[in-house]
file query31.txt (compact mmCIF, C-alpha atoms)
# COMPACT_ATOMS: atom_id res chain seq x y z
CA MET A 150 -2.72 -59.96 46.55
CA SER A 151 -2.76 -56.41 45.20
CA GLY A 152 -3.44 -55.50 41.62
CA PRO A 153 -6.16 -54.25 39.30
CA ARG A 154 -9.80 -54.84 40.22
CA PHE A 155 -11.96 -56.20 37.43
CA GLU A 156 -15.70 -55.93 36.95
CA PRO A 157 -17.90 -58.93 36.19
CA VAL A 158 -18.25 -59.65 32.49
CA ARG A 159 -21.73 -59.15 31.06
CA ALA A 160 -22.89 -61.76 28.60
CA VAL A 161 -23.77 -60.09 25.29
CA ARG A 162 -26.42 -61.66 23.12
CA ALA A 163 -25.66 -62.15 19.44
CA TYR A 164 -28.43 -59.80 18.27
CA GLU A 165 -26.87 -56.97 20.32
CA ARG A 166 -23.62 -57.34 18.38
CA VAL A 167 -25.58 -57.15 15.13
CA VAL A 168 -27.32 -54.00 16.35
CA GLU A 169 -23.99 -52.43 17.37
CA GLN A 170 -22.41 -53.03 13.97
CA VAL A 171 -25.38 -51.65 12.05
CA GLU A 172 -25.53 -48.59 14.33
CA GLU A 173 -21.82 -47.98 13.79
CA ALA A 174 -22.28 -48.20 10.01
CA ILE A 175 -25.10 -45.63 10.15
CA GLU A 176 -23.22 -43.29 12.49
CA SER A 177 -20.06 -43.43 10.35
CA GLY A 178 -21.99 -42.73 7.15
CA THR A 179 -21.19 -46.13 5.62
CA LEU A 180 -24.95 -46.59 5.49
CA SER A 181 -26.94 -43.51 4.49
CA PRO A 182 -30.68 -42.74 4.78
CA GLY A 183 -32.58 -44.40 1.95
CA GLU A 184 -30.08 -47.21 1.52
CA ARG A 185 -31.00 -50.78 2.37
CA LEU A 186 -29.37 -53.39 4.52
CA PRO A 187 -28.62 -56.76 2.94
CA SER A 188 -31.50 -59.25 2.93
CA GLU A 189 -32.16 -61.35 6.04
CA ARG A 190 -30.48 -64.34 4.39
CA GLU A 191 -27.38 -62.30 3.54
CA LEU A 192 -27.23 -60.87 7.05
CA MET A 193 -27.37 -64.41 8.44
CA VAL A 194 -24.34 -65.28 6.31
CA GLN A 195 -22.35 -62.13 7.05
CA PHE A 196 -22.93 -62.25 10.82
CA SER A 197 -22.94 -66.06 11.05
CA VAL A 198 -26.13 -66.01 13.11
CA SER A 199 -29.61 -67.52 12.91
CA ARG A 200 -32.62 -65.95 11.24
CA SER A 201 -34.24 -65.36 14.64
CA THR A 202 -31.16 -63.39 15.75
CA VAL A 203 -31.28 -61.24 12.61
CA ARG A 204 -35.00 -60.56 13.09
CA GLU A 205 -34.54 -59.62 16.74
CA ALA A 206 -31.77 -57.18 15.76
CA LEU A 207 -34.01 -55.65 13.10
CA ARG A 208 -36.83 -55.24 15.63
CA VAL A 209 -34.46 -53.36 17.96
CA LEU A 210 -33.14 -51.15 15.16
CA GLN A 211 -36.67 -50.36 14.03
CA ALA A 212 -37.76 -49.54 17.59
CA ARG A 213 -34.87 -47.07 17.77
CA GLY A 214 -36.06 -45.37 14.60
CA LEU A 215 -32.96 -46.33 12.60
CA VAL A 216 -34.45 -48.68 10.00
CA GLN A 217 -37.81 -49.68 8.61
CA SER A 218 -38.34 -53.37 8.07
CA ARG A 219 -41.48 -54.69 6.35
CA PRO A 220 -42.55 -58.31 6.88
CA GLY A 221 -42.28 -60.27 3.67
CA ASP A 222 -40.27 -57.58 1.90
CA PRO A 223 -37.69 -59.40 -0.28
CA ASN A 224 -35.39 -56.38 -0.02
CA GLY A 225 -33.38 -55.50 3.08
CA ALA A 226 -34.51 -53.06 5.76
CA GLU A 227 -34.37 -49.38 4.73
CA VAL A 228 -32.15 -46.97 6.66
CA LEU A 229 -34.27 -44.04 7.88
CA PRO A 230 -33.26 -40.39 8.12
CA PHE A 231 -32.85 -38.95 11.60
CA THR A 232 -36.03 -37.47 13.03
CA PRO A 233 -36.75 -35.62 16.29
CA ALA A 234 -39.12 -38.47 17.16
CA ALA A 235 -36.19 -40.78 17.95
CA LEU A 236 -34.62 -38.22 20.30
CA HIS A 237 -37.99 -37.47 21.84
CA LYS A 238 -38.60 -41.16 22.53
CA SER A 239 -35.18 -41.63 24.13
CA MET A 240 -35.48 -38.61 26.41
CA THR A 241 -39.06 -39.50 27.34
CA THR A 242 -37.91 -42.97 28.31
CA LEU A 243 -35.12 -41.52 30.45
CA ALA A 244 -37.60 -39.24 32.20
CA ARG A 245 -40.02 -42.09 32.82
CA VAL A 246 -37.44 -44.33 34.45
CA GLU A 247 -36.30 -41.35 36.55
CA GLU A 248 -32.81 -41.23 35.09
CA LEU A 249 -33.57 -37.56 34.47
CA SER A 250 -35.23 -35.55 37.21
CA LEU A 251 -37.65 -32.71 36.53
CA ALA A 252 -35.01 -30.32 37.90
CA GLU A 253 -32.46 -31.55 35.35
CA LEU A 254 -34.96 -31.29 32.51
CA VAL A 255 -35.96 -27.76 33.48
CA GLN A 256 -32.31 -26.76 33.88
CA PHE A 257 -31.56 -28.12 30.40
CA ARG A 258 -34.51 -26.20 29.01
CA MET A 259 -33.27 -23.01 30.66
CA VAL A 260 -29.86 -23.50 29.02
CA LEU A 261 -31.29 -24.31 25.59
CA ASP A 262 -33.91 -21.57 25.51
CA SER A 263 -31.52 -18.86 26.67
CA ALA A 264 -29.03 -19.91 23.98
CA ALA A 265 -31.78 -19.88 21.33
CA ILE A 266 -32.94 -16.43 22.46
CA LEU A 267 -29.38 -15.08 22.48
CA LEU A 268 -29.00 -16.16 18.84
CA ALA A 269 -32.46 -14.91 17.88
CA ALA A 270 -31.72 -11.44 19.26
CA ARG A 271 -28.76 -11.20 16.90
CA LEU A 272 -30.01 -13.06 13.84
CA ARG A 273 -33.80 -12.69 13.68
CA THR A 274 -35.51 -11.06 10.74
CA ALA A 275 -38.26 -8.46 10.96
CA GLU A 276 -40.73 -11.11 9.81
CA GLN A 277 -39.66 -13.50 12.57
CA LEU A 278 -39.97 -10.76 15.17
CA GLY A 279 -43.52 -10.24 13.93
CA GLU A 280 -44.21 -13.97 14.35
CA MET A 281 -42.99 -13.81 17.95
CA GLU A 282 -45.24 -10.84 18.67
CA ARG A 283 -48.24 -12.62 17.14
CA ALA A 284 -47.50 -15.72 19.23
CA VAL A 285 -47.52 -13.68 22.44
CA ALA A 286 -50.73 -12.00 21.32
CA GLY A 287 -52.11 -15.51 20.90
CA MET A 288 -51.04 -16.36 24.45
CA ARG A 289 -52.83 -13.27 25.71
CA ALA A 290 -56.01 -14.14 23.82
CA SER A 291 -55.96 -17.76 25.03
CA VAL A 292 -55.88 -17.07 28.79
CA GLU A 293 -59.66 -17.40 28.98
CA ARG A 294 -59.74 -20.48 26.73
CA GLY A 295 -57.61 -22.70 28.94
CA GLU A 296 -54.20 -24.27 29.35
CA ASP A 297 -54.13 -26.20 26.04
CA ALA A 298 -54.64 -23.09 23.91
CA PHE A 299 -52.16 -21.14 26.01
CA SER A 300 -49.55 -23.92 25.75
CA ALA A 301 -49.98 -24.08 21.95
CA ALA A 302 -49.39 -20.33 21.63
CA ASP A 303 -46.38 -20.56 23.95
CA ALA A 304 -44.98 -23.40 21.84
CA ALA A 305 -45.39 -21.26 18.71
CA PHE A 306 -43.33 -18.50 20.34
CA HIS A 307 -40.47 -20.82 21.27
CA GLU A 308 -40.58 -22.51 17.86
CA VAL A 309 -40.03 -19.25 15.98
CA VAL A 310 -37.32 -18.18 18.45
CA ALA A 311 -35.42 -21.42 17.88
CA ARG A 312 -35.91 -21.11 14.12
CA ALA A 313 -34.69 -17.50 14.15
CA GLY A 314 -31.45 -18.62 15.80
CA GLY A 315 -30.74 -20.82 12.77
CA ASN A 316 -29.41 -23.86 14.67
CA LYS A 317 -31.37 -27.00 13.77
CA LEU A 318 -30.05 -29.02 16.70
CA ILE A 319 -31.22 -26.36 19.14
CA GLN A 320 -34.60 -26.35 17.38
CA ILE A 321 -34.97 -30.10 17.84
CA CYS A 322 -33.77 -30.20 21.44
CA THR A 323 -35.85 -27.22 22.61
CA ASP A 324 -38.99 -28.75 21.15
CA VAL A 325 -38.30 -32.17 22.68
CA VAL A 326 -37.41 -30.87 26.15
CA ARG A 327 -40.28 -28.36 26.23
CA SER A 328 -42.88 -31.01 25.38
CA ILE A 329 -41.53 -33.43 28.02
CA VAL A 330 -41.42 -30.79 30.77
CA VAL A 331 -44.90 -29.50 29.91
CA ARG A 332 -46.30 -33.03 29.98
CA LEU A 333 -44.71 -33.76 33.35
CA ILE A 334 -46.25 -30.73 35.06
CA SER A 335 -49.45 -30.25 33.02
CA GLU A 336 -51.68 -31.78 35.72
CA LYS A 337 -50.09 -29.65 38.44
CA ILE A 338 -50.61 -26.47 36.42
CA ALA A 339 -54.19 -27.41 35.57
CA GLY A 340 -54.96 -27.85 39.26
CA ALA A 341 -53.21 -24.68 40.44
CA PRO A 342 -55.60 -22.20 42.10
CA ASP A 343 -53.75 -19.24 40.55
CA ARG A 344 -53.50 -20.72 37.04
CA GLU A 345 -54.73 -17.56 35.29
CA GLN A 346 -52.32 -15.40 37.26
CA LEU A 347 -49.50 -17.79 36.36
CA MET A 348 -50.31 -17.47 32.66
CA ARG A 349 -50.50 -13.67 32.80
CA ARG A 350 -47.16 -13.53 34.61
CA SER A 351 -45.68 -15.72 31.87
CA ILE A 352 -47.03 -13.35 29.22
CA GLY A 353 -45.33 -10.44 30.97
CA HIS A 354 -42.02 -12.33 30.90
CA HIS A 355 -42.43 -13.07 27.19
CA GLU A 356 -43.08 -9.40 26.45
CA GLU A 357 -39.88 -8.42 28.28
CA VAL A 358 -37.92 -11.00 26.29
CA ILE A 359 -39.36 -9.72 22.99
CA ALA A 360 -38.43 -6.15 23.92
CA ALA A 361 -34.81 -7.26 24.46
CA ILE A 362 -34.83 -9.21 21.20
CA ARG A 363 -36.26 -6.21 19.36
CA ALA A 364 -33.42 -4.10 20.80
CA GLY A 365 -30.85 -6.69 19.76
CA ASP A 366 -29.72 -7.15 23.36
CA GLY A 367 -28.96 -10.88 23.35
CA PRO A 368 -27.42 -11.19 26.84
CA ARG A 369 -30.38 -9.39 28.45
CA ALA A 370 -32.90 -11.45 26.47
CA ALA A 371 -31.15 -14.68 27.51
CA ARG A 372 -31.03 -13.65 31.19
CA LEU A 373 -34.71 -12.69 31.15
CA SER A 374 -35.52 -16.05 29.60
CA ARG A 375 -33.75 -17.97 32.36
CA GLU A 376 -35.48 -15.89 35.02
CA ALA A 377 -38.86 -16.47 33.38
CA MET A 378 -38.30 -20.23 33.25
CA TYR A 379 -37.31 -20.26 36.91
CA ASP A 380 -40.34 -18.20 37.89
CA TYR A 381 -42.69 -20.50 35.96
CA TYR A 382 -41.27 -23.89 36.97
CA ALA A 383 -39.48 -23.53 40.32
CA ASP A 384 -42.57 -24.22 42.42
CA TYR A 385 -43.00 -27.60 40.69
CA VAL A 386 -39.42 -28.70 41.38
CA PRO A 387 -38.65 -30.18 44.83
CA ALA A 388 -37.11 -27.50 47.06
CA ALA A 389 -33.98 -29.60 47.63
CA GLU A 390 -33.30 -29.64 43.87
CA ARG A 391 -33.91 -25.98 43.02
CA GLY A 392 -30.24 -25.18 43.38
CA VAL A 393 -29.54 -26.57 39.91
CA LEU A 394 -31.94 -23.95 38.52
CA GLU A 395 -30.71 -21.11 40.71
CA ALA A 396 -27.16 -21.76 39.47
CA LEU A 397 -28.25 -20.36 36.09
CA LEU A 398 -29.57 -17.09 37.48
CA ASP A 399 -27.38 -14.00 37.50
call {"tool": "encode", "arguments": {"input": "query31.txt", "output": "structure tokens"}}
result
Amino acid sequence: MSGPRFEPVRAVRAYERVVEQVEEAIESGTLSPGERLPSERELMVQFSVSRSTVREALRVLQARGLVQSRPGDPNGAEVLPFTPAALHKSMTTLARVEELSLAELVQFRMVLDSAAILLAARLRTAEQLGEMERAVAGMRASVERGEDAFSAADAAFHEVVARAGGNKLIQICTDVVRSIVVRLISEKIAGAPDREQLMRRSIGHHEEVIAAIRAGDGPRAARLSREAMYDYYADYVPAAERGVLEALLD
């Protein structure tokens, strides 16, 4: 008999339905940050579920960074504002369970950073350009002090670049992806025999990018950024997966 093929039906627990409805209310703006959900007793009535189901749903929502629920609080759980921590946790979890490969993460960082640098070249202020230059000077001064100091100075550079572009979502995503990628390869970099040479090469790339930003040449600055990312990370990505990075090179 021909006809449509159906997939097996997954049993959905009651608390998951509660979570879905609360998430939808937050996403649609029906519930705003600072507002409170109804009390546990009222939620039991509205959802027609047990207290244990309500509490399990609240635990899930709190773990996702959407609400804050205090034991014994007679008021309902408070809806929390969005924070980068929630996005960071989700992406970190994806990376840990290998849903995202290092190649995909680095590729995403190449896309984000080049977009941020393109915007910064066109929108940065003189003060922000000075911050970038000081950050690179900090990278140069930290070569002898070790990877942690160098990484902090590098992070300061990328933070001001993202801020200069004026897009808050890019700021959040670049910070999240950078920290995940750096954590994943930190041990490999620390054990590299040419670690100091790698850092000095990175400084040279940053100086080229700043020169393009100073000149207002966004496309060149973005291209240099992608090339720098490839040069820094390609050796840590499996050879069979480097094509996803090379696709972003001109």
call {"tool": "closest_atom_pairs", "arguments": {"input": "query31.txt", "of": "region 222-323 of chain A", "to": "region 351-369 of chain A", "cutoff": "6 Å", "atoms": "all atoms listed in the file", "output": "Markdown table"}}
result
| residue | atom | partner | partner_atom | distance |
| --- | --- | --- | --- | --- |
| A:Leu267 | CA | A:Gly367 | CA | 4.3 |
| A:Ala270 | CA | A:Ile362 | CA | 4.3 |
| A:Arg271 | CA | A:Gly365 | CA | 5.7 |
call {"tool": "closest_residue", "arguments": {"input": "query31.txt", "among": "A:Val309, A:Glu336, A:Ala252, A:Glu296", "to": "Pro387 (chain A)", "atoms": "only C-alpha atoms"}}
result
A:Ala252
call {"tool": "atom_distance", "arguments": {"input": "query31.txt", "atom1": "CA of Gln170 (chain A)", "atom2": "CA of Thr241 (chain A)"}}
result
25.3 Å
call {"tool": "atom_distance", "arguments": {"input": "query31.txt", "atom1": "CA of Ala301 (chain A)", "atom2": "CA of Ile334 (chain A)"}}
result
15.2 Å
call {"tool": "atom_distance", "arguments": {"input": "query31.txt", "atom1": "CA of Asn224 (chain A)", "atom2": "CA of Gly183 (chain A)"}}
result
12.5 Å
call {"tool": "closest_residue", "arguments": {"input": "query31.txt", "among": "A:Ala265, A:Leu278, A:Val228, A:Val209", "to": "Ala311 (chain A)", "atoms": "all atoms listed in the file"}}
result
A:Ala265
call {"tool": "closest_residue", "arguments": {"input": "query31.txt", "among": "A:Glu248, A:Glu184, A:Glu191, A:Glu172", "to": "Arg213 (chain A)", "atoms": "all atoms listed in the file"}}
result
A:Glu172
call {"tool": "closest_residue", "arguments": {"input": "query31.txt", "among": "A:Phe257, A:Phe196, A:Phe231, A:Tyr164", "to": "Ile329 (chain A)", "atoms": "all atoms listed in the file"}}
result
A:Phe257
call {"tool": "residues_around", "arguments": {"input": "query31.txt", "residues": "region 205-208 of chain A", "least_positions_apart": "5", "cutoff": "8 Å", "atoms": "only C-alpha atoms", "output": "NGL selection string"}}
result
:A and (164-165 or 167-168 or 216 or 218 or 226)
call {"tool": "residues_around", "arguments": {"input": "query31.txt", "residues": "region 192-194 of chain A", "least_positions_apart": "4", "cutoff": "10 Å", "atoms": "all atoms listed in the file", "output": "JSON list (two decimals) with C-alpha atoms, in the frame of the given file"}}
result
[["chain", "number", "residue", "atom", "x", "y", "z"],
["A", 167, "VAL", "CA", -25.58, -57.15, 15.13],
["A", 186, "LEU", "CA", -29.37, -53.39, 4.52],
["A", 187, "PRO", "CA", -28.62, -56.76, 2.94],
["A", 188, "SER", "CA", -31.50, -59.25, 2.93],
["A", 198, "VAL", "CA", -26.13, -66.01, 13.11],
["A", 199, "SER", "CA", -29.61, -67.52, 12.91],
["A", 200, "ARG", "CA", -32.62, -65.95, 11.24],
["A", 201, "SER", "CA", -34.24, -65.36, 14.64],
["A", 202, "THR", "CA", -31.16, -63.39, 15.75],
["A", 203, "VAL", "CA", -31.28, -61.24, 12.61],
["A", 204, "ARG", "CA", -35.00, -60.56, 13.09],
["A", 225, "GLY", "CA", -33.38, -55.50, 3.08]]
call {"tool": "closest_residue", "arguments": {"input": "query31.txt", "among": "A:Glu282, A:Val325, A:Leu347, A:Leu318", "to": "Phe299 (chain A)", "atoms": "all atoms listed in the file"}}
result
A:Leu347
call {"tool": "closest_residue", "arguments": {"input": "query31.txt", "among": "A:Glu276, A:Asp303, A:Glu293, A:Glu390", "to": "Arg344 (chain A)", "atoms": "all atoms listed in the file"}}
result
A:Glu293
call {"tool": "residues_near_point", "arguments": {"input": "query31.txt", "point": "(-38.4, -24.5, 37.5)", "cutoff": "8 Å", "atoms": "only C-alpha atoms", "output": "PyMOL selection string"}}
result
chain A and resi 252+255-256+378-386+391+394
call {"tool": "decode", "arguments": {"input": "query31.txt", "residues": "region 289-302 of chain A", "atoms": "all heavy atoms", "output": "PDB file, in the first residue's frame"}}
result
ATOM      1  N   ARG A 289      51.525  42.737  22.455  1.00  0.00           N
ATOM      2  CA  ARG A 289      52.965  42.733  22.222  1.00  0.00           C
ATOM      3  C   ARG A 289      53.733  42.627  23.546  1.00  0.00           C
ATOM      4  O   ARG A 289      54.721  41.893  23.657  1.00  0.00           O
ATOM      5  CB  ARG A 289      53.351  44.012  21.475  1.00  0.00           C
ATOM      6  CG  ARG A 289      54.705  43.975  20.810  1.00  0.00           C
ATOM      7  CD  ARG A 289      55.008  45.261  20.070  1.00  0.00           C
ATOM      8  NE  ARG A 289      54.016  45.545  19.045  1.00  0.00           N
ATOM      9  CZ  ARG A 289      53.137  46.548  19.084  1.00  0.00           C
ATOM     10  NH1 ARG A 289      53.111  47.362  20.141  1.00  0.00           N
ATOM     11  NH2 ARG A 289      52.285  46.733  18.104  1.00  0.00           N
ATOM     12  N   ALA A 290      53.241  43.353  24.543  1.00  0.00           N
ATOM     13  CA  ALA A 290      53.919  43.359  25.843  1.00  0.00           C
ATOM     14  C   ALA A 290      53.732  42.052  26.607  1.00  0.00           C
ATOM     15  O   ALA A 290      54.516  41.749  27.507  1.00  0.00           O
ATOM     16  CB  ALA A 290      53.399  44.527  26.689  1.00  0.00           C
ATOM     17  N   SER A 291      52.683  41.290  26.249  1.00  0.00           N
ATOM     18  CA  SER A 291      52.368  40.080  27.012  1.00  0.00           C
ATOM     19  C   SER A 291      53.006  38.806  26.451  1.00  0.00           C
ATOM     20  O   SER A 291      52.847  37.735  27.041  1.00  0.00           O
ATOM     21  CB  SER A 291      50.849  39.893  27.069  1.00  0.00           C
ATOM     22  OG  SER A 291      50.327  39.596  25.788  1.00  0.00           O
ATOM     23  N   VAL A 292      53.703  38.908  25.338  1.00  0.00           N
ATOM     24  CA  VAL A 292      54.295  37.712  24.720  1.00  0.00           C
ATOM     25  C   VAL A 292      55.185  36.972  25.712  1.00  0.00           C
ATOM     26  O   VAL A 292      55.153  35.737  25.800  1.00  0.00           O
ATOM     27  CB  VAL A 292      55.099  38.093  23.455  1.00  0.00           C
ATOM     28  CG1 VAL A 292      55.918  36.898  22.970  1.00  0.00           C
ATOM     29  CG2 VAL A 292      54.155  38.563  22.358  1.00  0.00           C
ATOM     30  N   GLU A 293      55.954  37.716  26.482  1.00  0.00           N
ATOM     31  CA  GLU A 293      56.869  37.087  27.433  1.00  0.00           C
ATOM     32  C   GLU A 293      56.149  36.603  28.688  1.00  0.00           C
ATOM     33  O   GLU A 293      56.688  35.781  29.429  1.00  0.00           O
ATOM     34  CB  GLU A 293      57.973  38.093  27.837  1.00  0.00           C
ATOM     35  CG  GLU A 293      58.772  38.646  26.676  1.00  0.00           C
ATOM     36  CD  GLU A 293      59.566  37.564  25.954  1.00  0.00           C
ATOM     37  OE1 GLU A 293      59.900  36.563  26.608  1.00  0.00           O
ATOM     38  OE2 GLU A 293      59.843  37.719  24.750  1.00  0.00           O
ATOM     39  N   ARG A 294      54.938  37.096  28.929  1.00  0.00           N
ATOM     40  CA  ARG A 294      54.233  36.747  30.174  1.00  0.00           C
ATOM     41  C   ARG A 294      53.380  35.496  30.038  1.00  0.00           C
ATOM     42  O   ARG A 294      52.880  34.994  31.038  1.00  0.00           O
ATOM     43  CB  ARG A 294      53.357  37.930  30.630  1.00  0.00           C
ATOM     44  CG  ARG A 294      54.149  39.190  30.920  1.00  0.00           C
ATOM     45  CD  ARG A 294      53.420  40.105  31.866  1.00  0.00           C
ATOM     46  NE  ARG A 294      52.089  40.462  31.416  1.00  0.00           N
ATOM     47  CZ  ARG A 294      51.823  41.523  30.646  1.00  0.00           C
ATOM     48  NH1 ARG A 294      52.809  42.299  30.227  1.00  0.00           N
ATOM     49  NH2 ARG A 294      50.587  41.801  30.288  1.00  0.00           N
ATOM     50  N   GLY A 295      53.150  35.023  28.830  1.00  0.00           N
ATOM     51  CA  GLY A 295      52.415  33.778  28.682  1.00  0.00           C
ATOM     52  C   GLY A 295      51.092  33.914  27.958  1.00  0.00           C
ATOM     53  O   GLY A 295      50.609  35.022  27.667  1.00  0.00           O
ATOM     54  N   GLU A 296      50.488  32.761  27.688  1.00  0.00           N
ATOM     55  CA  GLU A 296      49.285  32.684  26.870  1.00  0.00           C
ATOM     56  C   GLU A 296      48.088  33.383  27.487  1.00  0.00           C
ATOM     57  O   GLU A 296      47.283  33.992  26.786  1.00  0.00           O
ATOM     58  CB  GLU A 296      48.943  31.209  26.606  1.00  0.00           C
ATOM     59  CG  GLU A 296      47.773  31.001  25.677  1.00  0.00           C
ATOM     60  CD  GLU A 296      48.020  31.527  24.281  1.00  0.00           C
ATOM     61  OE1 GLU A 296      49.180  31.488  23.829  1.00  0.00           O
ATOM     62  OE2 GLU A 296      47.060  31.988  23.643  1.00  0.00           O
ATOM     63  N   ASP A 297      47.919  33.311  28.821  1.00  0.00           N
ATOM     64  CA  ASP A 297      46.751  33.911  29.463  1.00  0.00           C
ATOM     65  C   ASP A 297      46.729  35.421  29.268  1.00  0.00           C
ATOM     66  O   ASP A 297      45.690  36.003  28.933  1.00  0.00           O
ATOM     67  CB  ASP A 297      46.724  33.576  30.953  1.00  0.00           C
ATOM     68  CG  ASP A 297      46.378  32.122  31.209  1.00  0.00           C
ATOM     69  OD1 ASP A 297      45.877  31.457  30.277  1.00  0.00           O
ATOM     70  OD2 ASP A 297      46.619  31.644  32.331  1.00  0.00           O
ATOM     71  N   ALA A 298      47.873  36.060  29.498  1.00  0.00           N
ATOM     72  CA  ALA A 298      47.952  37.515  29.336  1.00  0.00           C
ATOM     73  C   ALA A 298      47.749  37.898  27.876  1.00  0.00           C
ATOM     74  O   ALA A 298      47.070  38.884  27.560  1.00  0.00           O
ATOM     75  CB  ALA A 298      49.303  38.025  29.837  1.00  0.00           C
ATOM     76  N   PHE A 299      48.329  37.124  26.979  1.00  0.00           N
ATOM     77  CA  PHE A 299      48.183  37.394  25.550  1.00  0.00           C
ATOM     78  C   PHE A 299      46.722  37.259  25.132  1.00  0.00           C
ATOM     79  O   PHE A 299      46.183  38.101  24.407  1.00  0.00           O
ATOM     80  CB  PHE A 299      49.043  36.419  24.756  1.00  0.00           C
ATOM     81  CG  PHE A 299      49.014  36.655  23.265  1.00  0.00           C
ATOM     82  CD1 PHE A 299      49.853  37.583  22.676  1.00  0.00           C
ATOM     83  CD2 PHE A 299      48.140  35.935  22.447  1.00  0.00           C
ATOM     84  CE1 PHE A 299      49.827  37.795  21.300  1.00  0.00           C
ATOM     85  CE2 PHE A 299      48.105  36.143  21.087  1.00  0.00           C
ATOM     86  CZ  PHE A 299      48.955  37.078  20.508  1.00  0.00           C
ATOM     87  N   SER A 300      46.059  36.195  25.595  1.00  0.00           N
ATOM     88  CA  SER A 300      44.663  35.952  25.249  1.00  0.00           C
ATOM     89  C   SER A 300      43.761  37.064  25.775  1.00  0.00           C
ATOM     90  O   SER A 300      42.813  37.476  25.104  1.00  0.00           O
ATOM     91  CB  SER A 300      44.218  34.599  25.813  1.00  0.00           C
ATOM     92  OG  SER A 300      42.887  34.319  25.458  1.00  0.00           O
ATOM     93  N   ALA A 301      44.068  37.581  26.980  1.00  0.00           N
ATOM     94  CA  ALA A 301      43.263  38.672  27.550  1.00  0.00           C
ATOM     95  C   ALA A 301      43.389  39.938  26.706  1.00  0.00           C
ATOM     96  O   ALA A 301      42.404  40.647  26.460  1.00  0.00           O
ATOM     97  CB  ALA A 301      43.702  38.937  28.986  1.00  0.00           C
ATOM     98  N   ALA A 302      44.613  40.234  26.255  1.00  0.00           N
ATOM     99  CA  ALA A 302      44.816  41.418  25.413  1.00  0.00           C
ATOM    100  C   ALA A 302      44.142  41.243  24.055  1.00  0.00           C
ATOM    101  O   ALA A 302      43.560  42.189  23.508  1.00  0.00           O
ATOM    102  CB  ALA A 302      46.316  41.674  25.230  1.00  0.00           C
TER     103      ALA A 302
END
